[in-house]
>>> print(open('query_18.tsv').read())   # TSV, C-alpha atoms
chain	number	residue	atom	x	y	z
E	1	MET	CA	-79.59	-21.70	-8.48
E	2	ALA	CA	-79.15	-18.23	-6.98
E	3	ASP	CA	-79.36	-16.90	-10.47
E	4	ARG	CA	-82.55	-18.75	-11.24
E	5	ARG	CA	-84.27	-17.43	-8.14
E	6	LEU	CA	-83.10	-13.91	-8.87
E	7	ARG	CA	-84.45	-14.15	-12.42
E	8	PHE	CA	-87.75	-15.45	-11.04
E	9	GLU	CA	-87.95	-12.55	-8.59
E	10	GLN	CA	-87.33	-10.09	-11.40
E	11	THR	CA	-89.54	-11.51	-14.13
E	12	VAL	CA	-92.41	-13.42	-12.46
E	13	LEU	CA	-92.82	-12.14	-8.91
E	14	PRO	CA	-93.58	-8.53	-9.98
E	15	HIS	CA	-96.81	-9.86	-11.52
E	16	ILE	CA	-98.14	-10.99	-8.16
E	17	ASP	CA	-100.66	-8.13	-8.18
E	18	ALA	CA	-102.16	-9.34	-11.47
E	19	ALA	CA	-102.17	-12.91	-10.13
E	20	TYR	CA	-103.92	-11.93	-6.91
E	21	ASN	CA	-106.39	-9.64	-8.68
E	22	LEU	CA	-107.52	-12.45	-11.00
E	23	ALA	CA	-107.68	-15.01	-8.20
E	24	ARG	CA	-109.53	-12.60	-5.94
E	25	TRP	CA	-112.14	-11.87	-8.61
E	26	LEU	CA	-112.61	-15.55	-9.47
E	27	THR	CA	-112.70	-17.01	-5.95
E	28	ARG	CA	-114.31	-13.86	-4.56
E	29	ASN	CA	-112.56	-14.10	-1.23
E	30	ASP	CA	-109.18	-13.19	0.16
E	31	GLN	CA	-108.07	-16.44	1.81
E	32	ASP	CA	-108.77	-18.69	-1.17
E	33	ALA	CA	-107.20	-16.16	-3.53
E	34	ARG	CA	-104.04	-16.21	-1.39
E	35	ASP	CA	-103.93	-20.01	-1.45
E	36	VAL	CA	-104.40	-20.08	-5.21
E	37	VAL	CA	-101.66	-17.50	-5.78
E	38	GLN	CA	-99.26	-19.24	-3.41
E	39	ASP	CA	-99.77	-22.60	-5.19
E	40	SER	CA	-99.52	-21.01	-8.61
E	41	MET	CA	-96.29	-19.21	-7.75
E	42	LEU	CA	-94.68	-22.45	-6.60
E	43	ARG	CA	-95.80	-24.14	-9.81
E	44	ALA	CA	-94.50	-21.18	-11.78
E	45	TYR	CA	-91.13	-21.53	-10.05
E	46	ARG	CA	-91.02	-25.22	-10.90
E	47	PHE	CA	-91.87	-24.66	-14.58
E	48	PHE	CA	-89.99	-21.38	-14.86
E	49	ASP	CA	-87.42	-22.79	-17.28
E	50	GLY	CA	-90.18	-23.39	-19.83
E	51	LEU	CA	-91.14	-19.70	-19.88
E	52	ARG	CA	-90.80	-18.10	-23.31
E	53	GLY	CA	-92.02	-14.58	-23.98
E	54	GLU	CA	-93.97	-12.34	-21.60
E	55	ALA	CA	-94.22	-13.53	-18.01
E	56	ARG	CA	-97.57	-11.97	-17.11
E	57	PRO	CA	-99.88	-13.96	-19.45
E	58	TRP	CA	-97.87	-17.08	-18.69
E	59	LEU	CA	-98.33	-16.66	-14.94
E	60	LEU	CA	-102.00	-15.70	-15.34
E	61	ALA	CA	-102.65	-18.92	-17.28
E	62	LEU	CA	-101.34	-20.90	-14.29
E	63	VAL	CA	-103.42	-18.84	-11.87
E	64	ARG	CA	-106.48	-19.18	-14.07
E	65	ASN	CA	-106.18	-22.97	-14.20
E	66	ALA	CA	-105.79	-23.14	-10.44
E	67	CYS	CA	-108.92	-20.98	-10.07
E	68	MET	CA	-110.90	-23.23	-12.39
E	69	THR	CA	-109.90	-26.29	-10.38
E	70	TRP	CA	-110.93	-24.46	-7.22
E	71	LEU	CA	-114.28	-23.39	-8.71
E	72	LYS	CA	-115.03	-26.91	-9.95
E	73	ALA	CA	-114.50	-28.23	-6.44
E	74	ASN	CA	-116.16	-25.42	-4.51
E	75	ARG	CA	-118.60	-23.49	-6.69
E	76	PRO	CA	-119.46	-25.56	-9.76
E	77	ALA	CA	-122.57	-23.46	-10.38
E	78	GLU	CA	-120.44	-20.43	-11.28
E	79	LEU	CA	-118.93	-22.29	-14.21
E	80	ALA	CA	-122.30	-22.21	-15.95
E	81	GLY	CA	-120.82	-19.78	-18.48
E	82	ALA	CA	-119.06	-22.66	-20.23
E	83	ASP	CA	-122.41	-24.26	-20.95
E	84	PRO	CA	-123.54	-23.80	-24.59
E	85	ALA	CA	-126.91	-22.52	-23.40
E	86	TRP	CA	-125.15	-19.66	-21.62
E	87	ALA	CA	-122.81	-19.02	-24.51
E	88	GLU	CA	-125.79	-18.44	-26.78
E	89	PHE	CA	-127.58	-16.33	-24.22
E	90	GLU	CA	-128.74	-12.95	-25.52
E	91	PRO	CA	-130.04	-10.34	-23.11
E	92	ALA	CA	-133.80	-9.96	-23.34
E	93	ASP	CA	-134.10	-6.22	-23.92
E	94	GLU	CA	-131.46	-5.96	-26.62
E	95	GLU	CA	-134.01	-4.61	-29.09
E	96	THR	CA	-134.92	-1.56	-27.07
E	97	PRO	CA	-131.98	-0.86	-24.84
E	98	GLU	CA	-133.00	1.37	-22.03
E	99	THR	CA	-130.13	3.83	-21.83
E	100	LEU	CA	-127.97	3.13	-18.90
E	101	ALA	CA	-126.86	6.20	-16.97
E	102	LEU	CA	-123.27	5.04	-16.54
E	103	ARG	CA	-122.21	8.17	-14.77
E	104	ALA	CA	-124.70	7.48	-12.03
E	105	LEU	CA	-123.16	4.09	-11.35
E	106	ASP	CA	-120.95	3.95	-8.36
E	107	ARG	CA	-118.05	1.70	-7.50
E	108	ARG	CA	-120.19	-0.60	-5.38
E	109	MET	CA	-122.72	-1.26	-8.15
E	110	ILE	CA	-120.02	-2.10	-10.70
E	111	ASN	CA	-118.25	-4.43	-8.26
E	112	GLU	CA	-121.49	-6.12	-7.34
E	113	ALA	CA	-122.56	-6.65	-10.94
E	114	LEU	CA	-119.13	-7.96	-11.96
E	115	ALA	CA	-119.02	-10.38	-9.04
E	116	ALA	CA	-122.42	-11.74	-10.00
E	117	LEU	CA	-121.40	-12.69	-13.57
E	118	PRO	CA	-120.73	-16.36	-14.38
E	119	ALA	CA	-117.02	-17.08	-13.98
E	120	HIS	CA	-116.12	-17.27	-17.69
E	121	PHE	CA	-117.63	-13.87	-18.42
E	122	ARG	CA	-116.12	-12.40	-15.28
E	123	GLU	CA	-112.60	-13.62	-16.08
E	124	ALA	CA	-112.81	-12.27	-19.64
E	125	LEU	CA	-113.71	-8.80	-18.37
E	126	ILE	CA	-111.07	-8.81	-15.62
E	127	LEU	CA	-108.33	-9.80	-18.07
E	128	ARG	CA	-109.44	-7.31	-20.69
E	129	GLU	CA	-110.42	-4.24	-18.68
E	130	LEU	CA	-108.35	-4.52	-15.51
E	131	GLU	CA	-105.26	-6.23	-16.91
E	132	ASP	CA	-105.46	-4.57	-20.32
E	133	LEU	CA	-104.46	-7.79	-22.09
E	134	SER	CA	-104.84	-8.40	-25.82
E	135	TYR	CA	-107.48	-10.78	-27.22
E	136	LYS	CA	-104.64	-13.09	-28.16
E	137	ASP	CA	-103.26	-13.20	-24.63
E	138	ILE	CA	-106.73	-13.74	-23.17
E	139	ALA	CA	-107.28	-16.58	-25.63
E	140	ARG	CA	-104.02	-18.16	-24.55
E	141	ILE	CA	-104.81	-17.77	-20.85
E	142	THR	CA	-108.36	-19.11	-21.05
E	143	GLY	CA	-107.66	-21.78	-23.68
E	144	ALA	CA	-110.42	-20.45	-25.96
E	145	PRO	CA	-110.16	-19.32	-29.60
E	146	VAL	CA	-109.83	-15.56	-30.17
E	147	GLY	CA	-113.30	-15.39	-31.76
E	148	THR	CA	-114.83	-16.94	-28.66
E	149	VAL	CA	-112.99	-14.46	-26.45
E	150	MET	CA	-114.38	-11.54	-28.43
E	151	SER	CA	-117.97	-12.77	-28.38
E	152	ARG	CA	-117.65	-13.69	-24.72
E	153	LEU	CA	-116.47	-10.16	-23.91
E	154	SER	CA	-119.30	-8.58	-25.83
E	155	ARG	CA	-121.87	-10.81	-24.14
E	156	ALA	CA	-120.25	-10.22	-20.78
E	157	ARG	CA	-120.69	-6.46	-21.18
E	158	ARG	CA	-124.31	-6.88	-22.18
E	159	LEU	CA	-125.00	-9.15	-19.23
E	160	LEU	CA	-123.30	-6.62	-17.03
E	161	ALA	CA	-125.43	-3.79	-18.46
E	162	ASP	CA	-128.56	-5.83	-17.72
E	163	SER	CA	-127.57	-6.51	-14.19
E	164	LEU	CA	-126.53	-2.87	-13.66
E	165	ARG	CA	-129.94	-1.74	-14.83
E	166	ALA	CA	-131.55	-4.06	-12.32
E	167	ILE	CA	-129.28	-2.83	-9.54
E	168	ALA	CA	-129.91	0.83	-10.46
E	169	ARG	CA	-133.67	0.24	-10.51
E	170	ALA	CA	-133.56	-1.54	-7.15
E	171	SER	CA	-131.49	1.18	-5.54
E	172	SER	CA	-133.66	4.04	-6.86
E	173	ALA	CA	-136.75	2.15	-5.64
E	174	GLY	CA	-135.02	1.83	-2.29
E	175	VAL	CA	-134.40	5.59	-2.13
E	176	SER	CA	-137.93	6.62	-3.06
E	177	GLY	CA	-139.60	3.92	-0.94
R	1	MET	CA	-124.58	-4.82	-33.83
R	2	THR	CA	-125.83	-1.24	-33.76
R	3	ARG	CA	-123.79	1.88	-33.17
R	4	ASP	CA	-125.65	2.46	-29.90
R	5	ASP	CA	-124.62	-0.98	-28.84
R	6	ASP	CA	-120.99	-0.21	-29.69
R	7	ARG	CA	-121.15	2.99	-27.72
R	8	GLN	CA	-122.66	1.23	-24.75
R	9	GLN	CA	-119.91	-1.40	-24.89
R	10	ASP	CA	-117.22	1.29	-24.88
R	11	ALA	CA	-118.89	3.13	-22.02
R	12	LEU	CA	-119.10	-0.07	-20.00
R	13	SER	CA	-115.42	-0.81	-20.64
R	14	ALA	CA	-114.55	2.63	-19.37
R	15	ALA	CA	-116.78	2.25	-16.32
R	16	ILE	CA	-115.13	-1.05	-15.37
R	17	ARG	CA	-111.64	0.37	-15.88
R	18	GLU	CA	-112.40	3.39	-13.76
R	19	LYS	CA	-114.56	1.96	-11.05
R	20	ALA	CA	-114.05	-1.77	-10.54
R	21	ASP	CA	-111.78	-2.72	-7.64
R	22	TYR	CA	-108.24	-3.74	-8.53
R	23	HIS	CA	-107.08	-6.12	-5.83
R	24	SER	CA	-103.36	-5.65	-5.34
R	25	ALA	CA	-101.60	-8.50	-3.58
R	26	PRO	CA	-101.28	-7.91	0.17
R	27	GLU	CA	-97.69	-7.40	1.30
R	28	SER	CA	-98.01	-10.44	3.57
R	29	LEU	CA	-98.81	-12.62	0.54
R	30	LEU	CA	-95.68	-11.44	-1.25
R	31	GLU	CA	-93.68	-12.23	1.89
R	32	ALA	CA	-95.27	-15.68	2.14
R	33	VAL	CA	-94.49	-16.46	-1.50
R	34	ARG	CA	-90.89	-15.28	-1.10
R	35	ALA	CA	-90.51	-17.40	2.01
R	36	SER	CA	-91.86	-20.48	0.25
R	37	LEU	CA	-89.42	-20.31	-2.66
R	38	PRO	CA	-86.37	-22.56	-2.33
R	39	VAL	CA	-83.68	-20.81	-0.30
R	40	SER	CA	-80.51	-19.72	-2.02
R	41	ALA	CA	-77.59	-17.40	-1.49
R	42	GLU	CA	-79.02	-14.19	-2.85
R	43	ARG	CA	-76.25	-11.83	-1.87
R	44	PRO	CA	-73.12	-11.46	-3.87
R	45	PRO	CA	-69.98	-12.48	-2.00
R	46	ARG	CA	-69.05	-9.99	0.68
R	47	ILE	CA	-65.81	-8.90	-0.91
R	48	ARG	CA	-67.58	-7.80	-4.08
R	49	PHE	CA	-70.16	-5.92	-2.05
R	50	TRP	CA	-67.45	-3.93	-0.26
R	51	LEU	CA	-65.58	-3.26	-3.47
R	52	ALA	CA	-68.76	-1.85	-4.98
R	53	GLN	CA	-69.36	0.32	-1.92
R	54	ALA	CA	-65.79	1.58	-2.03
R	55	ALA	CA	-66.03	2.37	-5.73
R	56	ALA	CA	-69.30	4.25	-5.22
R	57	LEU	CA	-67.80	6.22	-2.33
R	58	ALA	CA	-64.80	7.05	-4.49
R	59	GLY	CA	-67.17	8.32	-7.17
R	60	VAL	CA	-68.92	10.58	-4.67
R	61	ALA	CA	-65.56	11.79	-3.35
R	62	VAL	CA	-64.40	12.72	-6.86
R	63	LEU	CA	-67.61	14.66	-7.46
R	64	THR	CA	-67.31	16.49	-4.14
R	65	TRP	CA	-63.70	17.32	-4.89
R	66	ALA	CA	-64.66	18.64	-8.34
R	67	ALA	CA	-67.39	20.74	-6.77
R	68	THR	CA	-65.06	22.31	-4.20
R	69	LEU	CA	-62.53	23.11	-6.88
R	70	GLY	CA	-65.16	25.10	-8.67
R	71	TYR	CA	-65.43	22.93	-11.74
R	72	LEU	CA	-69.15	22.75	-11.20
R	73	ARG	CA	-71.57	25.59	-10.95
R	74	PRO	CA	-72.87	25.83	-7.41
R	75	GLY	CA	-76.57	25.57	-6.70
R	76	SER	CA	-79.18	22.97	-5.94
R	77	ASP	CA	-78.99	21.55	-9.47
R	78	GLU	CA	-75.43	20.55	-8.66
R	79	GLY	CA	-76.30	18.75	-5.51
R	80	LEU	CA	-79.11	16.96	-7.23
R	81	ALA	CA	-77.07	15.96	-10.28
R	82	MET	CA	-74.30	14.67	-8.05
R	83	GLU	CA	-76.68	12.63	-6.00
R	84	LEU	CA	-78.35	11.17	-9.08
R	85	VAL	CA	-75.04	10.28	-10.73
R	86	ALA	CA	-73.80	8.67	-7.51
R	87	SER	CA	-76.99	6.64	-7.28
R	88	HIS	CA	-76.75	5.64	-10.95
R	89	VAL	CA	-73.11	4.56	-10.51
R	90	ARG	CA	-73.92	2.62	-7.36
R	91	ALA	CA	-76.70	0.72	-9.11
R	92	THR	CA	-74.46	-0.05	-12.09
R	93	LEU	CA	-71.67	-1.35	-9.88
R	94	ASP	CA	-74.08	-3.44	-7.85
R	95	LYS	CA	-75.56	-4.79	-11.10
R	96	ARG	CA	-78.91	-4.02	-9.53
R	97	GLN	CA	-80.41	-1.78	-12.13
R	98	ILE	CA	-83.81	-3.41	-12.44
R	99	ASP	CA	-86.13	-4.64	-9.70
R	100	VAL	CA	-89.08	-5.18	-12.01
R	101	ALA	CA	-88.12	-6.19	-15.54
R	102	SER	CA	-90.85	-5.50	-18.06
R	103	SER	CA	-91.41	-3.48	-21.20
R	104	ASP	CA	-95.09	-3.22	-20.31
R	105	GLN	CA	-96.05	0.11	-18.75
R	106	HIS	CA	-99.15	-1.55	-17.24
R	107	THR	CA	-96.85	-3.84	-15.26
R	108	VAL	CA	-94.24	-1.28	-14.26
R	109	LYS	CA	-96.63	1.46	-13.12
R	110	PRO	CA	-98.70	-0.64	-10.67
R	111	TRP	CA	-95.50	-2.17	-9.32
R	112	LEU	CA	-94.17	1.29	-8.51
R	113	SER	CA	-97.47	2.67	-7.20
R	114	ALA	CA	-97.73	-0.25	-4.79
R	115	ARG	CA	-94.38	0.65	-3.28
R	116	LEU	CA	-94.46	4.45	-3.24
R	117	ALA	CA	-96.69	7.18	-1.86
R	118	TYR	CA	-97.14	8.47	-5.42
R	119	SER	CA	-97.77	7.05	-8.85
R	120	PRO	CA	-95.16	8.13	-11.40
R	121	PRO	CA	-96.08	8.40	-15.08
R	122	VAL	CA	-94.68	5.44	-17.03
R	123	ALA	CA	-94.48	5.79	-20.79
R	124	ASP	CA	-93.65	3.18	-23.39
R	125	LEU	CA	-91.39	5.05	-25.80
R	126	SER	CA	-90.22	2.14	-27.92
R	127	ALA	CA	-91.80	3.78	-30.98
R	128	HIS	CA	-89.29	6.60	-30.44
R	129	GLY	CA	-86.35	4.28	-29.98
R	130	PHE	CA	-86.31	4.34	-26.16
R	131	GLU	CA	-87.11	0.89	-24.95
R	132	LEU	CA	-88.64	0.55	-21.48
R	133	GLN	CA	-86.67	-2.17	-19.68
R	134	GLY	CA	-88.12	-1.95	-16.21
R	135	ALA	CA	-87.84	0.00	-12.99
R	136	ARG	CA	-86.36	0.01	-9.52
R	137	LEU	CA	-86.55	2.01	-6.31
R	138	GLU	CA	-83.72	4.21	-5.08
R	139	HIS	CA	-83.15	6.38	-2.05
R	140	VAL	CA	-82.51	9.96	-3.15
R	141	GLY	CA	-82.60	12.95	-0.86
R	142	GLY	CA	-83.69	10.73	2.00
R	143	ARG	CA	-86.80	9.40	0.30
R	144	PRO	CA	-87.70	6.46	-1.93
R	145	VAL	CA	-87.79	7.48	-5.59
R	146	ALA	CA	-88.99	5.67	-8.70
R	147	VAL	CA	-86.36	4.97	-11.36
R	148	LEU	CA	-87.56	4.02	-14.83
R	149	VAL	CA	-84.91	2.23	-16.84
R	150	TYR	CA	-84.82	2.85	-20.59
R	151	GLY	CA	-82.44	1.43	-23.16
R	152	ARG	CA	-81.16	2.97	-26.39
R	153	ARG	CA	-78.74	0.88	-28.40
R	154	LYS	CA	-76.23	-0.27	-25.76
R	155	HIS	CA	-76.87	2.70	-23.47
R	156	VAL	CA	-78.87	2.52	-20.28
R	157	ILE	CA	-80.82	5.58	-19.14
R	158	ASP	CA	-82.05	5.95	-15.58
R	159	ALA	CA	-85.08	8.25	-15.29
R	160	TYR	CA	-85.59	9.33	-11.66
R	161	VAL	CA	-89.15	10.57	-11.06
R	162	TRP	CA	-90.55	12.13	-7.90
R	163	PRO	CA	-93.38	14.52	-7.06
R	164	ALA	CA	-92.54	18.19	-6.56
R	165	ARG	CA	-94.88	21.07	-5.90
R	166	THR	CA	-92.55	23.77	-7.08
R	167	GLY	CA	-91.52	23.79	-10.70
R	168	ALA	CA	-87.80	23.87	-11.45
R	169	ALA	CA	-85.94	25.18	-14.45
R	170	ALA	CA	-84.68	22.56	-16.85
R	171	ALA	CA	-80.95	21.97	-16.65
R	172	THR	CA	-78.38	19.99	-18.58
R	173	LEU	CA	-75.17	19.03	-16.84
R	174	THR	CA	-72.29	16.69	-17.43
R	175	ARG	CA	-70.72	14.97	-14.45
R	176	ASP	CA	-67.95	12.42	-14.57
R	177	GLY	CA	-68.76	11.64	-18.19
R	178	PHE	CA	-72.44	11.16	-17.43
R	179	ASN	CA	-75.04	13.47	-18.88
R	180	VAL	CA	-77.78	14.64	-16.55
R	181	GLU	CA	-81.04	16.24	-17.67
R	182	SER	CA	-83.34	17.57	-15.01
R	183	PHE	CA	-86.72	19.14	-15.63
R	184	ALA	CA	-90.25	19.35	-14.27
R	185	ALA	CA	-93.45	18.24	-15.99
R	186	GLY	CA	-96.91	18.17	-14.49
R	187	GLU	CA	-96.57	17.45	-10.80
R	188	MET	CA	-93.37	15.52	-11.23
R	189	ARG	CA	-89.69	16.24	-11.37
R	190	PHE	CA	-87.48	14.15	-13.58
R	191	GLY	CA	-83.75	13.53	-13.51
R	192	LEU	CA	-82.25	11.55	-16.40
R	193	VAL	CA	-78.78	10.06	-16.00
R	194	SER	CA	-76.93	8.25	-18.75
R	195	ASP	CA	-73.74	7.92	-20.75
R	196	LEU	CA	-75.90	8.53	-23.82
R	197	ASN	CA	-75.09	11.71	-25.76
R	198	ARG	CA	-76.76	14.98	-24.76
R	199	ASN	CA	-78.95	15.38	-27.80
R	200	GLU	CA	-80.57	12.01	-27.55
R	201	LEU	CA	-80.94	12.35	-23.80
R	202	ARG	CA	-82.67	15.67	-24.40
R	203	ASP	CA	-85.00	13.94	-26.89
R	204	LEU	CA	-86.03	11.53	-24.16
R	205	ALA	CA	-86.54	14.44	-21.76
R	206	ARG	CA	-88.84	16.10	-24.29
R	207	LEU	CA	-90.85	12.92	-24.81
R	208	LEU	CA	-91.23	12.38	-21.08
R	209	ALA	CA	-92.22	16.00	-20.53
R	210	LEU	CA	-94.92	15.62	-23.17
R	211	GLY	CA	-96.12	12.58	-21.28
R	212	GLN	CA	-96.18	10.42	-24.40
>>> encode(input="query_18.tsv", output="structure tokens")
Amino acid sequence: MADRRLRFEQTVLPHIDAAYNLARWLTRNDQDARDVVQDSMLRAYRFFDGLRGEARPWLLALVRNACMTWLKANRPAELAGADPAWAEFEPADEETPETLALRALDRRMINEALAALPAHFREALILRELEDLSYKDIARITGAPVGTVMSRLSRARRLLADSLRAIARASSAGVSG
Amino acid sequence: MTRDDDRQQDALSAAIREKADYHSAPESLLEAVRASLPVSAERPPRIRFWLAQAAALAGVAVLTWAATLGYLRPGSDEGLAMELVASHVRATLDKRQIDVASSDQHTVKPWLSARLAYSPPVADLSAHGFELQGARLEHVGGRPVAVLVYGRRKHVIDAYVWPARTGAAAATLTRDGFNVESFAAGEMRFGLVSDLNRNELRDLARLLALGQ
């Protein structure tokens, strides 16, 4: 028993930052992210004996499922990304991409644009760019095939570019006006 | 997909990695989770604890005795090596060598940064035969210091890393059968302690100094 808890503290608990980061980005607020992480950690402790392989993707899958349940109950609109219409969505100005001055983008703009993405696109980007996980791990966490993960990531970045352009335009209009 | 598109995708990846907020778990959340886990006796029995303390103290006493007898060259390298070896021995006796067990540098580094006033470089050197096993915190010279734990065959190597403004000359010492490599790289000072042979320990020192 003591041993089990010690092993849990050494292998699973260190990933609490990754757990909270994902939950915080998906629920978009501190209190709900805490609740989700707390519940997920207790579940993780209960199912700890079934853990094979790396602990981080395993824990993140639990956190991700808890977030999805929370979103379904509280913000169903944000799950629109799962809809086939969204999955096929192509940004309008793909033909003539207006070059995006990425260096001019500040922290606030990036955060704002990320937060505004539908949940499935947002989670893909968080897992890939902030957690540095492989396509395979992301597929396992989100329960989607690897091909879907890759196309979702690519669409997520294009959606993000679109929304960053809009934010940049709005803020430069705000400065000159 | 066009090349421009590819480039834009890469640039966006980089922008997210650099600029998006990473929300580390608040300390109070970690406390709450710990408190909610089923309670258990975490400490080893008292007698074992005292035996370990006594053994560690004996180790320090032997080193001090050796130093006063002139077996060791005097100087700050000595003091440092002795302190690192004592810390390494203490951790081994306590069987508390790893606080965060992971071979993933992206897990170990944030764990350390969240608990220290600096962010030590963490390299995955498994391609060179040094397997990252995890890390822990130690008190050395009155301050918390990051210890990266590497494995090579059956040997364990503790890599102590802390920031230092002034560069120090590299030194190789042997204390109580342990080899100690100390050197500076970038803004950091490193102290490697292990029962691994000198040559291989020096290989690790070189790799760490290169920041690979």
>>> closest_residue(input="query_18.tsv", among="R:Asp124, R:Glu138, R:Asp176, R:Asp94", to="Leu112 of chain R", atoms="all atoms listed in the file")
R:Glu138
>>> atom_distance(input="query_18.tsv", atom1="atom CA of Ala55 of chain E", atom2="atom CA of Glu9 of chain E")
11.4 Å
>>> atom_distance(input="query_18.tsv", atom1="atom CA of Arg169 of chain E", atom2="atom CA of Leu127 of chain E")
28.3 Å
>>> interface_residues(input="query_18.tsv", of="chain R", to="chain E", cutoff="8 Å", atoms="all atoms listed in the file", output="PyMOL selection string")
chain R and resi 9+11-13+15-17+19-25+29-30+32-33+36-37+40-42+98-102+106-107+111
>>> write_last_selection(input="query_18.tsv", atoms="C-alpha atoms", output="tab-separated table (two decimals), keeping the file's coordinate frame")
chain	number	residue	atom	x	y	z
R	9	GLN	CA	-119.91	-1.40	-24.89
R	11	ALA	CA	-118.89	3.13	-22.02
R	12	LEU	CA	-119.10	-0.07	-20.00
R	13	SER	CA	-115.42	-0.81	-20.64
R	15	ALA	CA	-116.78	2.25	-16.32
R	16	ILE	CA	-115.13	-1.05	-15.37
R	17	ARG	CA	-111.64	0.37	-15.88
R	19	LYS	CA	-114.56	1.96	-11.05
R	20	ALA	CA	-114.05	-1.77	-10.54
R	21	ASP	CA	-111.78	-2.72	-7.64
R	22	TYR	CA	-108.24	-3.74	-8.53
R	23	HIS	CA	-107.08	-6.12	-5.83
R	24	SER	CA	-103.36	-5.65	-5.34
R	25	ALA	CA	-101.60	-8.50	-3.58
R	29	LEU	CA	-98.81	-12.62	0.54
R	30	LEU	CA	-95.68	-11.44	-1.25
R	32	ALA	CA	-95.27	-15.68	2.14
R	33	VAL	CA	-94.49	-16.46	-1.50
R	36	SER	CA	-91.86	-20.48	0.25
R	37	LEU	CA	-89.42	-20.31	-2.66
R	40	SER	CA	-80.51	-19.72	-2.02
R	41	ALA	CA	-77.59	-17.40	-1.49
R	42	GLU	CA	-79.02	-14.19	-2.85
R	98	ILE	CA	-83.81	-3.41	-12.44
R	99	ASP	CA	-86.13	-4.64	-9.70
R	100	VAL	CA	-89.08	-5.18	-12.01
R	101	ALA	CA	-88.12	-6.19	-15.54
R	102	SER	CA	-90.85	-5.50	-18.06
R	106	HIS	CA	-99.15	-1.55	-17.24
R	107	THR	CA	-96.85	-3.84	-15.26
R	111	TRP	CA	-95.50	-2.17	-9.32
>>> closest_residue(input="query_18.tsv", among="E:Arg28, E:Ala116, E:Leu59, E:Thr148", to="Ile167 of chain E", atoms="only C-alpha atoms")
E:Ala116
>>> axis_aligned_box(input="query_18.tsv", around="segment 178-187 of chain R", padding_each_side="3 Å", output="JSON")
{"center_x": -84.7, "center_y": 15.3, "center_z": -14.8, "size_x": 30.5, "size_y": 14.2, "size_z": 14.1}
>>> atom_distance(input="query_18.tsv", atom1="atom CA of Pro57 of chain E", atom2="atom CA of Ala80 of chain E")
24.1 Å
>>> closest_residue(input="query_18.tsv", among="R:Ala184, R:Leu125, R:Leu192, R:Ala117", to="His88 of chain R", atoms="only C-alpha atoms")
R:Leu192
>>> residues_around(input="query_18.tsv", residues="segment 127-135 of chain R", least_positions_apart="2", cutoff="12 Å", atoms="all atoms listed in the file", output="PyMOL selection string")
(chain E and resi 10-11+14) or (chain R and resi 91+96-113+115+120-125+137-138+145-161+196+200-201+203-208+212)
